[in-house]
file coords32.cif (mmCIF, C-alpha atoms)
data_model
loop_
_atom_site.group_PDB
_atom_site.id
_atom_site.type_symbol
_atom_site.label_atom_id
_atom_site.label_comp_id
_atom_site.auth_asym_id
_atom_site.auth_seq_id
_atom_site.Cartn_x
_atom_site.Cartn_y
_atom_site.Cartn_z
ATOM 1 C CA MET L 16 32.147 -51.897 11.196
ATOM 2 C CA VAL L 17 31.235 -51.833 14.858
ATOM 3 C CA ILE L 18 29.119 -54.516 16.454
ATOM 4 C CA ALA L 19 27.804 -53.814 19.916
ATOM 5 C CA ALA L 20 25.721 -55.967 22.205
ATOM 6 C CA LEU L 21 24.167 -55.603 25.605
ATOM 7 C CA LYS L 22 24.996 -58.334 28.053
ATOM 8 C CA ARG L 23 21.857 -59.339 29.881
ATOM 9 C CA SER L 24 21.834 -59.724 33.610
ATOM 10 C CA SER L 25 21.588 -63.280 34.834
ATOM 11 C CA SER L 26 18.816 -62.444 37.313
ATOM 12 C CA GLU L 27 15.394 -64.013 36.950
ATOM 13 C CA LEU L 28 13.788 -60.601 36.317
ATOM 14 C CA ALA L 29 15.937 -60.160 33.219
ATOM 15 C CA ALA L 30 15.016 -63.599 31.858
ATOM 16 C CA ARG L 31 13.857 -63.954 28.298
ATOM 17 C CA HIS L 32 10.112 -63.560 27.872
ATOM 18 C CA GLU L 33 7.856 -65.183 25.326
ATOM 19 C CA LYS L 34 6.783 -62.604 22.764
ATOM 20 C CA ILE L 35 4.411 -64.663 20.625
ATOM 21 C CA PHE L 36 0.828 -64.947 21.842
ATOM 22 C CA PRO L 37 -1.870 -67.191 20.351
ATOM 23 C CA ILE L 38 -5.231 -65.433 20.087
ATOM 24 C CA SER L 39 -7.497 -67.978 18.410
ATOM 25 C CA LYS L 40 -7.196 -70.903 16.024
ATOM 26 C CA ASN L 41 -6.559 -68.579 13.095
ATOM 27 C CA ALA L 42 -4.788 -65.620 14.721
ATOM 28 C CA GLY L 43 -1.820 -64.768 16.879
ATOM 29 C CA ILE L 44 0.440 -61.796 17.574
ATOM 30 C CA ALA L 45 4.113 -61.189 18.056
ATOM 31 C CA VAL L 46 5.266 -58.205 20.091
ATOM 32 C CA SER L 47 8.478 -56.312 20.501
ATOM 33 C CA GLY L 48 9.333 -53.983 23.312
ATOM 34 C CA LEU L 49 7.622 -54.303 26.666
ATOM 35 C CA VAL L 50 6.020 -57.689 27.148
ATOM 36 C CA SER L 51 3.447 -56.269 29.584
ATOM 37 C CA ASP L 52 2.025 -54.100 26.783
ATOM 38 C CA GLY L 53 1.836 -57.201 24.608
ATOM 39 C CA HIS L 54 -0.079 -59.043 27.340
ATOM 40 C CA GLN L 55 -2.664 -56.262 27.465
ATOM 41 C CA ILE L 56 -3.141 -56.242 23.699
ATOM 42 C CA ALA L 57 -3.340 -60.055 23.645
ATOM 43 C CA SER L 58 -6.006 -59.916 26.354
ATOM 44 C CA ILE L 59 -8.067 -57.432 24.321
ATOM 45 C CA LEU L 60 -7.731 -59.600 21.219
ATOM 46 C CA ARG L 61 -8.646 -62.810 23.044
ATOM 47 C CA ASN L 62 -11.759 -61.236 24.553
ATOM 48 C CA THR L 63 -12.805 -59.934 21.142
ATOM 49 C CA ALA L 64 -12.223 -63.360 19.580
ATOM 50 C CA ILE L 65 -14.225 -65.119 22.304
ATOM 51 C CA ASN L 66 -17.099 -62.659 21.964
ATOM 52 C CA SER L 67 -17.128 -63.062 18.192
ATOM 53 C CA SER L 68 -17.119 -66.835 18.532
ATOM 54 C CA PHE L 69 -20.009 -66.711 20.992
ATOM 55 C CA VAL L 70 -22.157 -64.218 19.045
ATOM 56 C CA TYR L 71 -21.508 -65.348 15.465
ATOM 57 C CA ASN L 72 -20.607 -69.002 16.132
ATOM 58 C CA ARG L 73 -17.430 -68.727 14.026
ATOM 59 C CA GLU L 74 -13.817 -67.679 14.387
ATOM 60 C CA ALA L 75 -13.208 -63.934 14.425
ATOM 61 C CA ARG L 76 -11.767 -62.463 11.255
ATOM 62 C CA VAL L 77 -8.350 -60.850 11.560
ATOM 63 C CA ALA L 78 -9.758 -57.575 10.174
ATOM 64 C CA HIS L 79 -12.382 -57.542 12.938
ATOM 65 C CA LEU L 80 -9.773 -58.253 15.614
ATOM 66 C CA SER L 81 -7.457 -55.506 14.427
ATOM 67 C CA ALA L 82 -10.281 -52.948 14.111
ATOM 68 C CA ALA L 83 -11.624 -53.734 17.585
ATOM 69 C CA THR L 84 -8.159 -53.451 19.090
ATOM 70 C CA ALA L 85 -7.496 -50.159 17.321
ATOM 71 C CA ARG L 86 -10.784 -48.729 18.619
ATOM 72 C CA LYS L 87 -10.012 -49.858 22.170
ATOM 73 C CA LEU L 88 -6.454 -48.517 22.169
ATOM 74 C CA GLN L 89 -7.475 -45.219 20.595
ATOM 75 C CA VAL L 90 -10.170 -44.660 23.219
ATOM 76 C CA SER L 91 -7.725 -45.512 25.997
ATOM 77 C CA PHE L 92 -5.135 -43.155 24.570
ATOM 78 C CA LEU L 93 -7.612 -40.291 24.287
ATOM 79 C CA ALA L 94 -8.821 -40.841 27.844
ATOM 80 C CA PHE L 95 -5.283 -40.494 29.196
ATOM 81 C CA ALA L 96 -4.413 -37.530 26.976
ATOM 82 C CA VAL L 97 -7.120 -35.290 28.455
#
call {"tool": "encode", "arguments": {"input": "coords32.cif", "output": "structure tokens"}}
result
Amino acid sequence: MVIAALKRSSSELAARHEKIFPISKNAGIAVSGLVSDGHQIASILRNTAINSSFVYNREARVAHLSAATARKLQVSFLAFAV
């Protein structure tokens, strides 16, 4: 058995980042990988949740949040692929 680990740099840029983002009272996300990508997705989800709360006067359903995010990310991906 071999166990390997990467020693993190002690600089402030290599500091540990929070990877759990609250979205609304009933939803949140956890990300792995680049935290900046997680911030963008959390921002999309929060805006969708706020809009849903304003329009329907209730908390956004998780299915609605995930579908809206998938539509947004798919459109963004297709725009960059062309």
call {"tool": "residues_around", "arguments": {"input": "coords32.cif", "residues": "His54 (chain L)", "least_positions_apart": "3", "cutoff": "12 Å", "atoms": "only C-alpha atoms", "output": "MDAnalysis selection string"}}
result
chainID L and resid 32:38 44:51 57:61
call {"tool": "residues_around", "arguments": {"input": "coords32.cif", "residues": "Ser39 (chain L)", "least_positions_apart": "6", "cutoff": "12 Å", "atoms": "all atoms listed in the file", "output": "compact mmCIF listing (two decimals) with C-alpha atoms, in the frame of the given file"}}
result
# COMPACT_ATOMS: atom_id res chain seq x y z
CA ALA L 57 -3.34 -60.06 23.64
CA SER L 58 -6.01 -59.92 26.35
CA LEU L 60 -7.73 -59.60 21.22
CA ARG L 61 -8.65 -62.81 23.04
CA ASN L 62 -11.76 -61.24 24.55
CA THR L 63 -12.80 -59.93 21.14
CA ALA L 64 -12.22 -63.36 19.58
CA ILE L 65 -14.22 -65.12 22.30
CA ASN L 66 -17.10 -62.66 21.96
CA SER L 67 -17.13 -63.06 18.19
CA SER L 68 -17.12 -66.83 18.53
CA ARG L 73 -17.43 -68.73 14.03
CA GLU L 74 -13.82 -67.68 14.39
CA ALA L 75 -13.21 -63.93 14.42
CA ARG L 76 -11.77 -62.46 11.26
CA VAL L 77 -8.35 -60.85 11.56
CA LEU L 80 -9.77 -58.25 15.61
call {"tool": "atom_distance", "arguments": {"input": "coords32.cif", "atom1": "CA of Phe69 (chain L)", "atom2": "CA of Ile56 (chain L)"}}
result
20.0 Å
call {"tool": "atom_distance", "arguments": {"input": "coords32.cif", "atom1": "CA of Asp52 (chain L)", "atom2": "CA of Val70 (chain L)"}}
result
27.3 Å
call {"tool": "closest_residue", "arguments": {"input": "coords32.cif", "among": "L:Ala78, L:Ala83, L:Gly53, L:Leu88", "to": "Asn41 (chain L)", "atoms": "only C-alpha atoms"}}
result
L:Ala78
call {"tool": "decode", "arguments": {"input": "coords32.cif", "residues": "region 34-80 of chain L", "atoms": "N, CA and C atoms", "output": "PDB file, in the first residue's frame"}}
result
ATOM      1  N   LYS L  34     -16.316  25.276   0.827  1.00  0.00           N
ATOM      2  CA  LYS L  34     -16.871  24.638  -0.363  1.00  0.00           C
ATOM      3  C   LYS L  34     -18.331  24.247  -0.193  1.00  0.00           C
ATOM      4  N   ILE L  35     -18.980  24.794   0.819  1.00  0.00           N
ATOM      5  CA  ILE L  35     -20.405  24.571   1.030  1.00  0.00           C
ATOM      6  C   ILE L  35     -21.083  25.936   0.989  1.00  0.00           C
ATOM      7  N   PHE L  36     -22.073  26.063   0.097  1.00  0.00           N
ATOM      8  CA  PHE L  36     -22.739  27.339  -0.104  1.00  0.00           C
ATOM      9  C   PHE L  36     -24.228  27.197   0.178  1.00  0.00           C
ATOM     10  N   PRO L  37     -24.780  28.027   1.078  1.00  0.00           N
ATOM     11  CA  PRO L  37     -26.234  28.019   1.260  1.00  0.00           C
ATOM     12  C   PRO L  37     -26.890  28.752   0.095  1.00  0.00           C
ATOM     13  N   ILE L  38     -28.011  28.232  -0.385  1.00  0.00           N
ATOM     14  CA  ILE L  38     -28.726  28.844  -1.492  1.00  0.00           C
ATOM     15  C   ILE L  38     -30.014  29.485  -0.995  1.00  0.00           C
ATOM     16  N   SER L  39     -30.795  28.750  -0.259  1.00  0.00           N
ATOM     17  CA  SER L  39     -32.035  29.257   0.326  1.00  0.00           C
ATOM     18  C   SER L  39     -32.253  28.513   1.633  1.00  0.00           C
ATOM     19  N   LYS L  40     -33.429  28.686   2.216  1.00  0.00           N
ATOM     20  CA  LYS L  40     -33.715  27.994   3.476  1.00  0.00           C
ATOM     21  C   LYS L  40     -33.729  26.484   3.318  1.00  0.00           C
ATOM     22  N   ASN L  41     -34.110  26.009   2.123  1.00  0.00           N
ATOM     23  CA  ASN L  41     -34.245  24.567   1.940  1.00  0.00           C
ATOM     24  C   ASN L  41     -33.231  23.980   0.966  1.00  0.00           C
ATOM     25  N   ALA L  42     -32.228  24.745   0.557  1.00  0.00           N
ATOM     26  CA  ALA L  42     -31.275  24.220  -0.425  1.00  0.00           C
ATOM     27  C   ALA L  42     -29.877  24.779  -0.179  1.00  0.00           C
ATOM     28  N   GLY L  43     -28.911  23.987  -0.566  1.00  0.00           N
ATOM     29  CA  GLY L  43     -27.512  24.383  -0.495  1.00  0.00           C
ATOM     30  C   GLY L  43     -26.720  23.495  -1.435  1.00  0.00           C
ATOM     31  N   ILE L  44     -25.476  23.865  -1.722  1.00  0.00           N
ATOM     32  CA  ILE L  44     -24.639  23.028  -2.576  1.00  0.00           C
ATOM     33  C   ILE L  44     -23.272  22.866  -1.947  1.00  0.00           C
ATOM     34  N   ALA L  45     -22.641  21.786  -2.308  1.00  0.00           N
ATOM     35  CA  ALA L  45     -21.251  21.538  -1.944  1.00  0.00           C
ATOM     36  C   ALA L  45     -20.496  21.324  -3.247  1.00  0.00           C
ATOM     37  N   VAL L  46     -19.324  21.915  -3.368  1.00  0.00           N
ATOM     38  CA  VAL L  46     -18.561  21.813  -4.601  1.00  0.00           C
ATOM     39  C   VAL L  46     -17.211  21.173  -4.324  1.00  0.00           C
ATOM     40  N   SER L  47     -16.671  20.585  -5.368  1.00  0.00           N
ATOM     41  CA  SER L  47     -15.302  20.097  -5.313  1.00  0.00           C
ATOM     42  C   SER L  47     -14.588  20.680  -6.522  1.00  0.00           C
ATOM     43  N   GLY L  48     -13.324  20.757  -6.458  1.00  0.00           N
ATOM     44  CA  GLY L  48     -12.585  21.352  -7.571  1.00  0.00           C
ATOM     45  C   GLY L  48     -12.384  22.833  -7.337  1.00  0.00           C
ATOM     46  N   LEU L  49     -12.502  23.603  -8.415  1.00  0.00           N
ATOM     47  CA  LEU L  49     -12.258  25.040  -8.325  1.00  0.00           C
ATOM     48  C   LEU L  49     -13.402  25.749  -7.611  1.00  0.00           C
ATOM     49  N   VAL L  50     -13.056  26.502  -6.594  1.00  0.00           N
ATOM     50  CA  VAL L  50     -14.057  27.192  -5.797  1.00  0.00           C
ATOM     51  C   VAL L  50     -14.703  28.315  -6.609  1.00  0.00           C
ATOM     52  N   SER L  51     -13.967  28.924  -7.531  1.00  0.00           N
ATOM     53  CA  SER L  51     -14.537  30.002  -8.336  1.00  0.00           C
ATOM     54  C   SER L  51     -15.698  29.501  -9.194  1.00  0.00           C
ATOM     55  N   ASP L  52     -15.597  28.273  -9.710  1.00  0.00           N
ATOM     56  CA  ASP L  52     -16.713  27.687 -10.452  1.00  0.00           C
ATOM     57  C   ASP L  52     -17.911  27.477  -9.535  1.00  0.00           C
ATOM     58  N   GLY L  53     -17.652  27.060  -8.311  1.00  0.00           N
ATOM     59  CA  GLY L  53     -18.719  26.880  -7.336  1.00  0.00           C
ATOM     60  C   GLY L  53     -19.412  28.191  -7.000  1.00  0.00           C
ATOM     61  N   HIS L  54     -18.638  29.281  -6.915  1.00  0.00           N
ATOM     62  CA  HIS L  54     -19.228  30.596  -6.660  1.00  0.00           C
ATOM     63  C   HIS L  54     -20.173  31.001  -7.783  1.00  0.00           C
ATOM     64  N   GLN L  55     -19.791  30.732  -9.014  1.00  0.00           N
ATOM     65  CA  GLN L  55     -20.652  31.081 -10.149  1.00  0.00           C
ATOM     66  C   GLN L  55     -21.947  30.280 -10.121  1.00  0.00           C
ATOM     67  N   ILE L  56     -21.850  28.994  -9.869  1.00  0.00           N
ATOM     68  CA  ILE L  56     -23.050  28.158  -9.811  1.00  0.00           C
ATOM     69  C   ILE L  56     -23.936  28.578  -8.632  1.00  0.00           C
ATOM     70  N   ALA L  57     -23.316  28.883  -7.491  1.00  0.00           N
ATOM     71  CA  ALA L  57     -24.087  29.336  -6.329  1.00  0.00           C
ATOM     72  C   ALA L  57     -24.806  30.645  -6.639  1.00  0.00           C
ATOM     73  N   SER L  58     -24.157  31.531  -7.374  1.00  0.00           N
ATOM     74  CA  SER L  58     -24.781  32.795  -7.748  1.00  0.00           C
ATOM     75  C   SER L  58     -25.993  32.568  -8.644  1.00  0.00           C
ATOM     76  N   ILE L  59     -25.866  31.664  -9.609  1.00  0.00           N
ATOM     77  CA  ILE L  59     -26.998  31.325 -10.484  1.00  0.00           C
ATOM     78  C   ILE L  59     -28.148  30.763  -9.654  1.00  0.00           C
ATOM     79  N   LEU L  60     -27.833  29.849  -8.756  1.00  0.00           N
ATOM     80  CA  LEU L  60     -28.864  29.225  -7.925  1.00  0.00           C
ATOM     81  C   LEU L  60     -29.538  30.241  -7.004  1.00  0.00           C
ATOM     82  N   ARG L  61     -28.762  31.122  -6.406  1.00  0.00           N
ATOM     83  CA  ARG L  61     -29.346  32.124  -5.510  1.00  0.00           C
ATOM     84  C   ARG L  61     -30.282  33.059  -6.266  1.00  0.00           C
ATOM     85  N   ASN L  62     -29.859  33.501  -7.452  1.00  0.00           N
ATOM     86  CA  ASN L  62     -30.728  34.367  -8.250  1.00  0.00           C
ATOM     87  C   ASN L  62     -32.018  33.659  -8.627  1.00  0.00           C
ATOM     88  N   THR L  63     -31.926  32.399  -9.009  1.00  0.00           N
ATOM     89  CA  THR L  63     -33.116  31.625  -9.347  1.00  0.00           C
ATOM     90  C   THR L  63     -34.024  31.475  -8.133  1.00  0.00           C
ATOM     91  N   ALA L  64     -33.445  31.217  -6.975  1.00  0.00           N
ATOM     92  CA  ALA L  64     -34.238  31.066  -5.749  1.00  0.00           C
ATOM     93  C   ALA L  64     -34.915  32.376  -5.361  1.00  0.00           C
ATOM     94  N   ILE L  65     -34.213  33.486  -5.507  1.00  0.00           N
ATOM     95  CA  ILE L  65     -34.803  34.791  -5.179  1.00  0.00           C
ATOM     96  C   ILE L  65     -35.939  35.119  -6.135  1.00  0.00           C
ATOM     97  N   ASN L  66     -35.726  34.861  -7.425  1.00  0.00           N
ATOM     98  CA  ASN L  66     -36.782  35.119  -8.405  1.00  0.00           C
ATOM     99  C   ASN L  66     -38.015  34.260  -8.135  1.00  0.00           C
ATOM    100  N   SER L  67     -37.796  33.005  -7.816  1.00  0.00           N
ATOM    101  CA  SER L  67     -38.913  32.108  -7.519  1.00  0.00           C
ATOM    102  C   SER L  67     -39.670  32.581  -6.280  1.00  0.00           C
ATOM    103  N   SER L  68     -38.931  33.011  -5.280  1.00  0.00           N
ATOM    104  CA  SER L  68     -39.561  33.504  -4.058  1.00  0.00           C
ATOM    105  C   SER L  68     -40.390  34.758  -4.335  1.00  0.00           C
ATOM    106  N   PHE L  69     -39.874  35.624  -5.185  1.00  0.00           N
ATOM    107  CA  PHE L  69     -40.575  36.865  -5.505  1.00  0.00           C
ATOM    108  C   PHE L  69     -41.823  36.596  -6.345  1.00  0.00           C
ATOM    109  N   VAL L  70     -41.701  35.750  -7.359  1.00  0.00           N
ATOM    110  CA  VAL L  70     -42.813  35.505  -8.290  1.00  0.00           C
ATOM    111  C   VAL L  70     -43.886  34.626  -7.661  1.00  0.00           C
ATOM    112  N   TYR L  71     -43.493  33.528  -7.029  1.00  0.00           N
ATOM    113  CA  TYR L  71     -44.450  32.552  -6.523  1.00  0.00           C
ATOM    114  C   TYR L  71     -44.726  32.681  -5.023  1.00  0.00           C
ATOM    115  N   ASN L  72     -44.004  33.545  -4.347  1.00  0.00           N
ATOM    116  CA  ASN L  72     -44.169  33.771  -2.911  1.00  0.00           C
ATOM    117  C   ASN L  72     -43.981  32.490  -2.103  1.00  0.00           C
ATOM    118  N   ARG L  73     -42.990  31.677  -2.507  1.00  0.00           N
ATOM    119  CA  ARG L  73     -42.644  30.454  -1.785  1.00  0.00           C
ATOM    120  C   ARG L  73     -41.192  30.094  -2.114  1.00  0.00           C
ATOM    121  N   GLU L  74     -40.645  29.212  -1.325  1.00  0.00           N
ATOM    122  CA  GLU L  74     -39.273  28.759  -1.568  1.00  0.00           C
ATOM    123  C   GLU L  74     -39.203  27.974  -2.879  1.00  0.00           C
ATOM    124  N   ALA L  75     -38.112  28.127  -3.585  1.00  0.00           N
ATOM    125  CA  ALA L  75     -37.924  27.398  -4.843  1.00  0.00           C
ATOM    126  C   ALA L  75     -37.731  25.917  -4.555  1.00  0.00           C
ATOM    127  N   ARG L  76     -38.326  25.084  -5.401  1.00  0.00           N
ATOM    128  CA  ARG L  76     -38.117  23.648  -5.276  1.00  0.00           C
ATOM    129  C   ARG L  76     -36.735  23.289  -5.798  1.00  0.00           C
ATOM    130  N   VAL L  77     -36.148  22.262  -5.239  1.00  0.00           N
ATOM    131  CA  VAL L  77     -34.811  21.832  -5.643  1.00  0.00           C
ATOM    132  C   VAL L  77     -34.808  21.413  -7.114  1.00  0.00           C
ATOM    133  N   ALA L  78     -35.879  20.769  -7.569  1.00  0.00           N
ATOM    134  CA  ALA L  78     -35.973  20.362  -8.977  1.00  0.00           C
ATOM    135  C   ALA L  78     -35.945  21.587  -9.890  1.00  0.00           C
ATOM    136  N   HIS L  79     -36.618  22.649  -9.494  1.00  0.00           N
ATOM    137  CA  HIS L  79     -36.627  23.879 -10.291  1.00  0.00           C
ATOM    138  C   HIS L  79     -35.235  24.511 -10.317  1.00  0.00           C
ATOM    139  N   LEU L  80     -34.573  24.530  -9.175  1.00  0.00           N
ATOM    140  CA  LEU L  80     -33.227  25.104  -9.104  1.00  0.00           C
ATOM    141  C   LEU L  80     -32.240  24.339  -9.987  1.00  0.00           C
TER     142      LEU L  80
END
